[in-house]
Structures are given as C-alpha cells and as structure tokens.
file final13.txt (compact mmCIF, C-alpha atoms)
# COMPACT_ATOMS: atom_id res chain seq x y z
CA MET A 16 7.20 0.51 4.88
CA TYR A 17 9.49 3.22 6.16
CA ILE A 18 9.60 4.10 9.85
CA ILE A 19 10.86 7.15 11.72
CA LEU A 20 10.79 6.46 15.45
CA VAL A 21 11.61 8.77 18.36
CA TYR A 22 11.55 7.93 22.06
CA ASP A 23 11.65 9.66 25.40
CA ILE A 24 12.41 7.19 28.18
CA ILE A 25 12.46 8.38 31.80
CA SER A 26 14.63 5.61 33.24
CA GLN A 27 18.21 5.33 32.04
CA LYS A 28 18.09 1.56 32.44
CA ARG A 29 15.05 1.19 30.19
CA GLY A 30 16.53 3.75 27.78
CA THR A 31 19.71 1.72 27.36
CA LYS A 32 17.70 -1.47 26.91
CA LEU A 33 15.49 0.14 24.25
CA LEU A 34 18.50 1.61 22.43
CA LYS A 35 20.12 -1.83 22.21
CA TYR A 36 16.87 -3.41 21.07
CA LEU A 37 16.16 -0.84 18.35
CA ARG A 38 19.74 -1.03 17.04
CA GLN A 39 18.97 -4.63 16.07
CA HIS A 40 15.99 -3.62 13.95
CA LEU A 41 16.37 -0.05 12.70
CA SER A 42 19.13 2.42 11.83
CA TRP A 43 20.24 4.85 14.51
CA VAL A 44 19.96 8.49 13.40
CA GLN A 45 20.93 10.55 16.47
CA ASN A 46 20.09 10.68 20.18
CA SER A 47 16.85 8.75 20.58
CA VAL A 48 15.89 8.70 16.90
CA PHE A 49 15.81 5.71 14.57
CA GLU A 50 14.67 5.14 11.02
CA GLY A 51 14.48 2.26 8.60
CA ASN A 52 12.67 0.01 6.19
CA VAL A 53 10.64 -2.79 7.74
CA THR A 54 7.87 -5.09 6.66
CA PRO A 55 4.47 -4.51 8.29
CA SER A 56 4.78 -7.81 10.19
CA GLY A 57 8.34 -6.95 11.18
CA PHE A 58 7.12 -3.66 12.61
CA GLU A 59 4.44 -5.47 14.63
CA ILE A 60 7.23 -7.53 16.21
CA ILE A 61 9.26 -4.37 16.93
CA LYS A 62 6.23 -2.73 18.59
CA SER A 63 5.71 -5.82 20.77
CA GLY A 64 9.37 -5.65 21.82
CA ILE A 65 9.03 -1.94 22.67
CA ASN A 66 5.90 -2.68 24.72
CA GLU A 67 7.85 -5.18 26.80
CA ILE A 68 10.69 -2.74 27.52
CA ILE A 69 9.03 0.60 28.25
CA ASN A 70 6.86 1.79 31.12
CA LYS A 71 3.71 2.85 29.29
CA ASP A 72 2.67 5.29 32.05
CA LYS A 73 5.93 7.22 31.95
CA ASP A 74 7.76 6.65 28.67
CA SER A 75 6.85 7.83 25.20
CA VAL A 76 7.61 6.28 21.83
CA ILE A 77 6.28 8.03 18.74
CA TYR A 78 6.55 6.58 15.26
CA TYR A 79 5.70 7.79 11.81
CA SER A 80 5.15 5.08 9.21
CA PHE A 81 5.11 5.68 5.48
CA GLU A 82 4.03 3.43 2.65
CA SER A 83 6.46 5.24 0.40
CA MET A 84 9.12 7.91 0.84
CA SER A 85 8.80 8.96 -2.81
CA TYR A 86 7.29 12.33 -1.96
CA SER A 87 9.64 13.09 0.89
CA LYS A 88 13.05 14.65 1.33
CA ARG A 89 15.61 14.17 4.08
CA GLY A 90 17.99 16.99 4.87
CA VAL A 91 20.84 17.65 7.29
CA ILE A 92 22.01 20.97 8.74
CA GLY A 93 25.37 20.59 10.46
CA ILE A 94 26.86 17.12 10.75
CA GLU A 95 25.40 13.71 9.97
CA LYS A 96 25.90 11.60 13.10
CA ASN A 97 25.42 8.32 11.35
CA GLU A 98 27.43 8.53 8.12
CA THR A 99 26.71 4.94 7.20
CA ASP A 100 22.99 5.47 6.83
CA SER A 101 21.32 5.83 3.51
CA PHE A 102 17.75 6.94 3.03
CA ILE A 103 15.55 4.17 1.60
CA MET B 14 4.55 20.84 3.52
CA TYR B 15 4.89 18.77 6.66
CA ILE B 16 8.17 18.70 8.60
CA ILE B 17 9.57 16.29 11.17
CA LEU B 18 12.75 17.74 12.65
CA VAL B 19 15.18 16.21 15.16
CA TYR B 20 18.30 17.78 16.59
CA ASP B 21 21.39 16.83 18.55
CA ILE B 22 23.12 19.91 19.95
CA ILE B 23 26.38 19.52 21.87
CA SER B 24 26.25 22.79 23.81
CA GLN B 25 23.44 23.26 26.31
CA LYS B 26 23.38 26.99 25.60
CA ARG B 27 22.85 26.48 21.87
CA GLY B 28 20.36 23.68 22.61
CA THR B 29 18.20 25.97 24.75
CA LYS B 30 18.38 28.70 22.14
CA LEU B 31 17.35 26.31 19.35
CA LEU B 32 14.51 24.88 21.46
CA LYS B 33 13.10 28.37 22.04
CA TYR B 34 13.47 29.24 18.37
CA LEU B 35 11.78 26.09 17.09
CA ARG B 36 8.89 26.44 19.56
CA GLN B 37 7.96 29.64 17.69
CA HIS B 38 7.69 27.86 14.36
CA LEU B 39 6.86 24.17 14.88
CA SER B 40 5.09 21.93 17.40
CA TRP B 41 7.19 20.28 20.08
CA VAL B 42 6.82 16.48 20.11
CA GLN B 43 9.27 15.26 22.75
CA ASN B 44 12.91 15.79 23.72
CA SER B 45 14.58 17.35 20.69
CA VAL B 46 11.84 16.51 18.19
CA PHE B 47 9.48 18.91 16.44
CA GLU B 48 6.87 18.56 13.73
CA GLY B 49 4.50 20.84 11.89
CA ASN B 50 2.99 22.30 8.77
CA VAL B 51 4.97 25.06 7.10
CA THR B 52 5.07 26.72 3.74
CA PRO B 53 8.20 26.07 1.63
CA SER B 54 9.29 29.70 2.06
CA GLY B 55 8.53 29.52 5.79
CA PHE B 56 10.78 26.48 6.07
CA GLU B 57 13.60 28.31 4.26
CA ILE B 58 13.38 30.99 6.96
CA ILE B 59 13.42 28.34 9.71
CA LYS B 60 16.51 26.73 8.17
CA SER B 61 18.27 30.11 8.06
CA GLY B 62 17.44 30.62 11.73
CA ILE B 63 18.81 27.17 12.62
CA ASN B 64 21.99 27.91 10.67
CA GLU B 65 22.55 31.02 12.75
CA ILE B 66 22.13 29.16 16.06
CA ILE B 67 23.97 25.87 15.65
CA ASN B 68 27.66 25.06 15.32
CA LYS B 69 27.72 23.25 11.98
CA ASP B 70 30.91 21.36 12.81
CA LYS B 71 29.51 19.86 16.01
CA ASP B 72 25.72 19.94 16.01
CA SER B 73 23.28 17.95 13.92
CA VAL B 74 19.79 18.84 12.73
CA ILE B 75 17.97 16.33 10.55
CA TYR B 76 14.66 17.04 8.91
CA TYR B 77 12.20 15.03 6.87
CA SER B 78 9.88 17.06 4.67
CA PHE B 79 6.74 15.69 3.08
CA GLU B 80 4.52 17.13 0.38
CA SER B 81 1.62 15.23 1.88
CA MET B 82 1.06 13.06 4.92
CA SER B 83 -1.84 11.23 3.23
CA TYR B 84 0.06 7.97 3.00
CA SER B 85 1.49 8.11 6.48
CA LYS B 86 0.44 7.12 9.97
CA ARG B 87 1.55 8.47 13.32
CA GLY B 88 1.42 6.20 16.34
CA VAL B 89 2.24 6.42 20.03
CA ILE B 90 3.36 3.66 22.41
CA GLY B 91 3.18 4.82 26.02
CA ILE B 92 2.30 8.43 26.69
CA GLU B 93 1.90 11.39 24.35
CA LYS B 94 4.10 14.15 25.76
CA ASN B 95 2.37 16.91 23.87
CA GLU B 96 -1.38 16.26 24.17
CA THR B 97 -2.28 19.46 22.36
CA ASP B 98 -0.76 18.39 19.08
CA SER B 99 -2.79 17.09 16.24
CA PHE B 100 -1.39 15.42 13.16
CA ILE B 101 -2.61 17.36 10.11

call {"tool": "encode", "arguments": {"input": "final13.txt", "output": "structure tokens"}}
result
Amino acid sequence: MYIILVYDIISQKRGTKLLKYLRQHLSWVQNSVFEGNVTPSGFEIIKSGINEIINKDKDSVIYYSFESMSYSKRGVIGIEKNETDSFI
Amino acid sequence: MYIILVYDIISQKRGTKLLKYLRQHLSWVQNSVFEGNVTPSGFEIIKSGINEIINKDKDSVIYYSFESMSYSKRGVIGIEKNETDSFI
C-alpha cells in the first residue's frame, strides 16, 4: 500500500524524534511530509511507533493510504526538495 | 478530482500569500497541507495562481491528484486540526 503522511507536532523535541523515526520507514518529501510503499503490517508497526512518540492531545498526524496509485498523479510546481525520491 | 497539496515556501511573505490563496480553493488540513475536490479546469486555475505567487527556484509545491478516492483511506493519529473537514 502507498502512504502519504503529514504531521503537525507542537513540541520541537517530539517533532525531531518523529522526523528521525519516519525517515527510517518512509521517504521524506518536504517539511513534515512523508510518502512511501509499505506493507499493511509494516504500516501497523509505523503507527504504533508514532503513537509512542506523539502527544495525542496536542499533536496531529494525518495519513492517506492507497491500495494502488494507478489512478493518481504526482506533480511539482517549483523545486523538488527530495530529488532522490521516485513515485511508486 | 481529489487533490492533496503540500507546500514548502522559503519566504514568509510568499507563504502567507499562498496560504490565503489556497484557503479560497481547497480545505486546510494542517500546517502547509490542503486537500479538496476540484474540477480539472478548476485545478488548472489553482496551479496558475500558485505559479504567480511562488518563487519557482526556491519554493516547492507538491500535489497528488486522484480520479477517485474510492480505494483510499484517511486516518488521524492524535488530533484533527480541521474538524470541519470531511473526506469526500
């Protein structure tokens, strides 16, 4: 499955911790945005890790999961921050 | 079509301008993330507007467009910043 994940973390300390954690599992897109292919069980593990890092009363993590990206398109206006990324 | 749009704007002035512009056309999700239903021609207009605001050598706007969100799921860990939004 393909994941697009965005986060808004109030504390800088937790934000840095989450950034480091997500870099191990997904591809960084820009700012607080990640994307990547994961297995359903792999994503359950990622969600557990996020739950342990964030403050659920203050922070926000939103994800969009897709069974297939066949009917989607990714576009960039301006520069691509992460040149190494490929889509799917 | 459904759009998820994220941006990373270097200048605060341009960032504020883009935020105001996008609020008129899409739903704010969190930080520099928007989503929403638009027509293909409506999205062409939005892209033109973005092009006029950003510095294409420094700023980055990435969008994911989907013909249908039928095979997708949106989830939240922690709080939903924009409670008024609904997903399709």

call {"tool": "closest_atom_pairs", "arguments": {"input": "final13.txt", "of": "region 70-91 of chain B", "to": "region 77-86 of chain A", "cutoff": "7 Å", "atoms": "all atoms listed in the file", "output": "tab-separated table"}}
result
residue	atom	partner	partner_atom	distance
B:Phe79	CA	A:Tyr86	CA	6.1
B:Glu80	CA	A:Tyr86	CA	6.0
B:Tyr84	CA	A:Glu82	CA	6.0
B:Ser85	CA	A:Phe81	CA	4.5
B:Lys86	CA	A:Ser80	CA	5.2
B:Arg87	CA	A:Tyr79	CA	4.5
B:Gly88	CA	A:Tyr78	CA	5.3
B:Val89	CA	A:Ile77	CA	4.5
B:Ile90	CA	A:Ile77	CA	6.4

call {"tool": "interface_residues", "arguments": {"input": "final13.txt", "of": "chain B", "to": "chain A", "cutoff": "12 Å", "atoms": "all atoms listed in the file", "output": "PyMOL selection string"}}
result
chain B and resi 14-23+42-48+56+59-96+100

call {"tool": "write_last_selection", "arguments": {"input": "final13.txt", "atoms": "C-alpha atoms", "output": "compact mmCIF listing (two decimals), in the coordinates of the input"}}
result
# COMPACT_ATOMS: atom_id res chain seq x y z
CA MET B 14 4.55 20.84 3.52
CA TYR B 15 4.89 18.77 6.66
CA ILE B 16 8.17 18.70 8.60
CA ILE B 17 9.57 16.29 11.17
CA LEU B 18 12.75 17.74 12.65
CA VAL B 19 15.18 16.21 15.16
CA TYR B 20 18.30 17.78 16.59
CA ASP B 21 21.39 16.83 18.55
CA ILE B 22 23.12 19.91 19.95
CA ILE B 23 26.38 19.52 21.87
CA VAL B 42 6.82 16.48 20.11
CA GLN B 43 9.27 15.26 22.75
CA ASN B 44 12.91 15.79 23.72
CA SER B 45 14.58 17.35 20.69
CA VAL B 46 11.84 16.51 18.19
CA PHE B 47 9.48 18.91 16.44
CA GLU B 48 6.87 18.56 13.73
CA PHE B 56 10.78 26.48 6.07
CA ILE B 59 13.42 28.34 9.71
CA LYS B 60 16.51 26.73 8.17
CA SER B 61 18.27 30.11 8.06
CA GLY B 62 17.44 30.62 11.73
CA ILE B 63 18.81 27.17 12.62
CA ASN B 64 21.99 27.91 10.67
CA GLU B 65 22.55 31.02 12.75
CA ILE B 66 22.13 29.16 16.06
CA ILE B 67 23.97 25.87 15.65
CA ASN B 68 27.66 25.06 15.32
CA LYS B 69 27.72 23.25 11.98
CA ASP B 70 30.91 21.36 12.81
CA LYS B 71 29.51 19.86 16.01
CA ASP B 72 25.72 19.94 16.01
CA SER B 73 23.28 17.95 13.92
CA VAL B 74 19.79 18.84 12.73
CA ILE B 75 17.97 16.33 10.55
CA TYR B 76 14.66 17.04 8.91
CA TYR B 77 12.20 15.03 6.87
CA SER B 78 9.88 17.06 4.67
CA PHE B 79 6.74 15.69 3.08
CA GLU B 80 4.52 17.13 0.38
CA SER B 81 1.62 15.23 1.88
CA MET B 82 1.06 13.06 4.92
CA SER B 83 -1.84 11.23 3.23
CA TYR B 84 0.06 7.97 3.00
CA SER B 85 1.49 8.11 6.48
CA LYS B 86 0.44 7.12 9.97
CA ARG B 87 1.55 8.47 13.32
CA GLY B 88 1.42 6.20 16.34
CA VAL B 89 2.24 6.42 20.03
CA ILE B 90 3.36 3.66 22.41
CA GLY B 91 3.18 4.82 26.02
CA ILE B 92 2.30 8.43 26.69
CA GLU B 93 1.90 11.39 24.35
CA LYS B 94 4.10 14.15 25.76
CA ASN B 95 2.37 16.91 23.87
CA GLU B 96 -1.38 16.26 24.17
CA PHE B 100 -1.39 15.42 13.16

call {"tool": "atom_distance", "arguments": {"input": "final13.txt", "atom1": "CA of Arg38 (chain A)", "atom2": "CA of Gly51 (chain A)"}}
result
10.5 Å

call {"tool": "atom_distance", "arguments": {"input": "final13.txt", "atom1": "CA of Leu41 (chain A)", "atom2": "CA of Trp41 (chain B)"}}
result
23.5 Å

call {"tool": "calpha_fit_and_write", "arguments": {"input": "final13.txt", "fixed": "chain B", "moving": "chain A", "output": "short mmCIF file (atom, residue, chain, number, x, y, z; two decimals) with C-alpha atoms, keeping the file's coordinate frame"}}
result
data_model
loop_
_atom_site.label_atom_id
_atom_site.label_comp_id
_atom_site.auth_asym_id
_atom_site.auth_seq_id
_atom_site.Cartn_x
_atom_site.Cartn_y
_atom_site.Cartn_z
CA MET A 16 4.55 20.82 3.52
CA TYR A 17 4.90 18.75 6.65
CA ILE A 18 8.16 18.69 8.59
CA ILE A 19 9.56 16.28 11.17
CA LEU A 20 12.74 17.73 12.64
CA VAL A 21 15.16 16.20 15.15
CA TYR A 22 18.30 17.79 16.59
CA ASP A 23 21.37 16.83 18.54
CA ILE A 24 23.10 19.90 19.93
CA ILE A 25 26.37 19.51 21.86
CA SER A 26 26.23 22.77 23.81
CA GLN A 27 23.43 23.24 26.32
CA LYS A 28 23.36 26.97 25.60
CA ARG A 29 22.82 26.47 21.87
CA GLY A 30 20.34 23.67 22.61
CA THR A 31 18.19 25.95 24.75
CA LYS A 32 18.37 28.69 22.14
CA LEU A 33 17.32 26.30 19.36
CA LEU A 34 14.48 24.87 21.46
CA LYS A 35 13.08 28.36 22.04
CA TYR A 36 13.45 29.24 18.38
CA LEU A 37 11.76 26.09 17.08
CA ARG A 38 8.88 26.45 19.55
CA GLN A 39 7.95 29.64 17.69
CA HIS A 40 7.67 27.84 14.36
CA LEU A 41 6.85 24.16 14.88
CA SER A 42 5.08 21.93 17.40
CA TRP A 43 7.18 20.28 20.08
CA VAL A 44 6.81 16.48 20.10
CA GLN A 45 9.27 15.25 22.76
CA ASN A 46 12.91 15.80 23.73
CA SER A 47 14.57 17.35 20.69
CA VAL A 48 11.83 16.50 18.19
CA PHE A 49 9.47 18.90 16.45
CA GLU A 50 6.87 18.56 13.74
CA GLY A 51 4.50 20.82 11.88
CA ASN A 52 2.99 22.27 8.75
CA VAL A 53 4.96 25.06 7.10
CA THR A 54 5.06 26.71 3.73
CA PRO A 55 8.19 26.07 1.63
CA SER A 56 9.27 29.70 2.06
CA GLY A 57 8.53 29.52 5.78
CA PHE A 58 10.77 26.48 6.05
CA GLU A 59 13.58 28.33 4.26
CA ILE A 60 13.35 31.01 6.96
CA ILE A 61 13.40 28.35 9.71
CA LYS A 62 16.50 26.73 8.17
CA SER A 63 18.25 30.12 8.05
CA GLY A 64 17.43 30.63 11.74
CA ILE A 65 18.80 27.17 12.60
CA ASN A 66 21.99 27.92 10.65
CA GLU A 67 22.54 31.03 12.76
CA ILE A 68 22.11 29.17 16.06
CA ILE A 69 23.96 25.88 15.65
CA ASN A 70 27.64 25.06 15.31
CA LYS A 71 27.70 23.25 11.97
CA ASP A 72 30.90 21.33 12.83
CA LYS A 73 29.49 19.85 16.01
CA ASP A 74 25.70 19.94 16.01
CA SER A 75 23.27 17.95 13.90
CA VAL A 76 19.79 18.84 12.72
CA ILE A 77 17.96 16.33 10.54
CA TYR A 78 14.63 17.04 8.90
CA TYR A 79 12.20 15.03 6.87
CA SER A 80 9.87 17.05 4.65
CA PHE A 81 6.72 15.68 3.06
CA GLU A 82 4.50 17.13 0.38
CA SER A 83 1.61 15.20 1.85
CA MET A 84 1.05 13.04 4.92
CA SER A 85 -1.83 11.22 3.22
CA TYR A 86 0.06 7.94 3.00
CA SER A 87 1.50 8.09 6.48
CA LYS A 88 0.43 7.10 9.97
CA ARG A 89 1.53 8.47 13.33
CA GLY A 90 1.43 6.20 16.34
CA VAL A 91 2.24 6.42 20.04
CA ILE A 92 3.35 3.66 22.41
CA GLY A 93 3.18 4.81 26.02
CA ILE A 94 2.28 8.42 26.71
CA GLU A 95 1.88 11.38 24.38
CA LYS A 96 4.09 14.15 25.78
CA ASN A 97 2.39 16.90 23.88
CA GLU A 98 -1.36 16.27 24.22
CA THR A 99 -2.26 19.47 22.43
CA ASP A 100 -0.73 18.41 19.14
CA SER A 101 -2.76 17.15 16.27
CA PHE A 102 -1.32 15.52 13.19
CA ILE A 103 -1.85 17.63 10.06
#
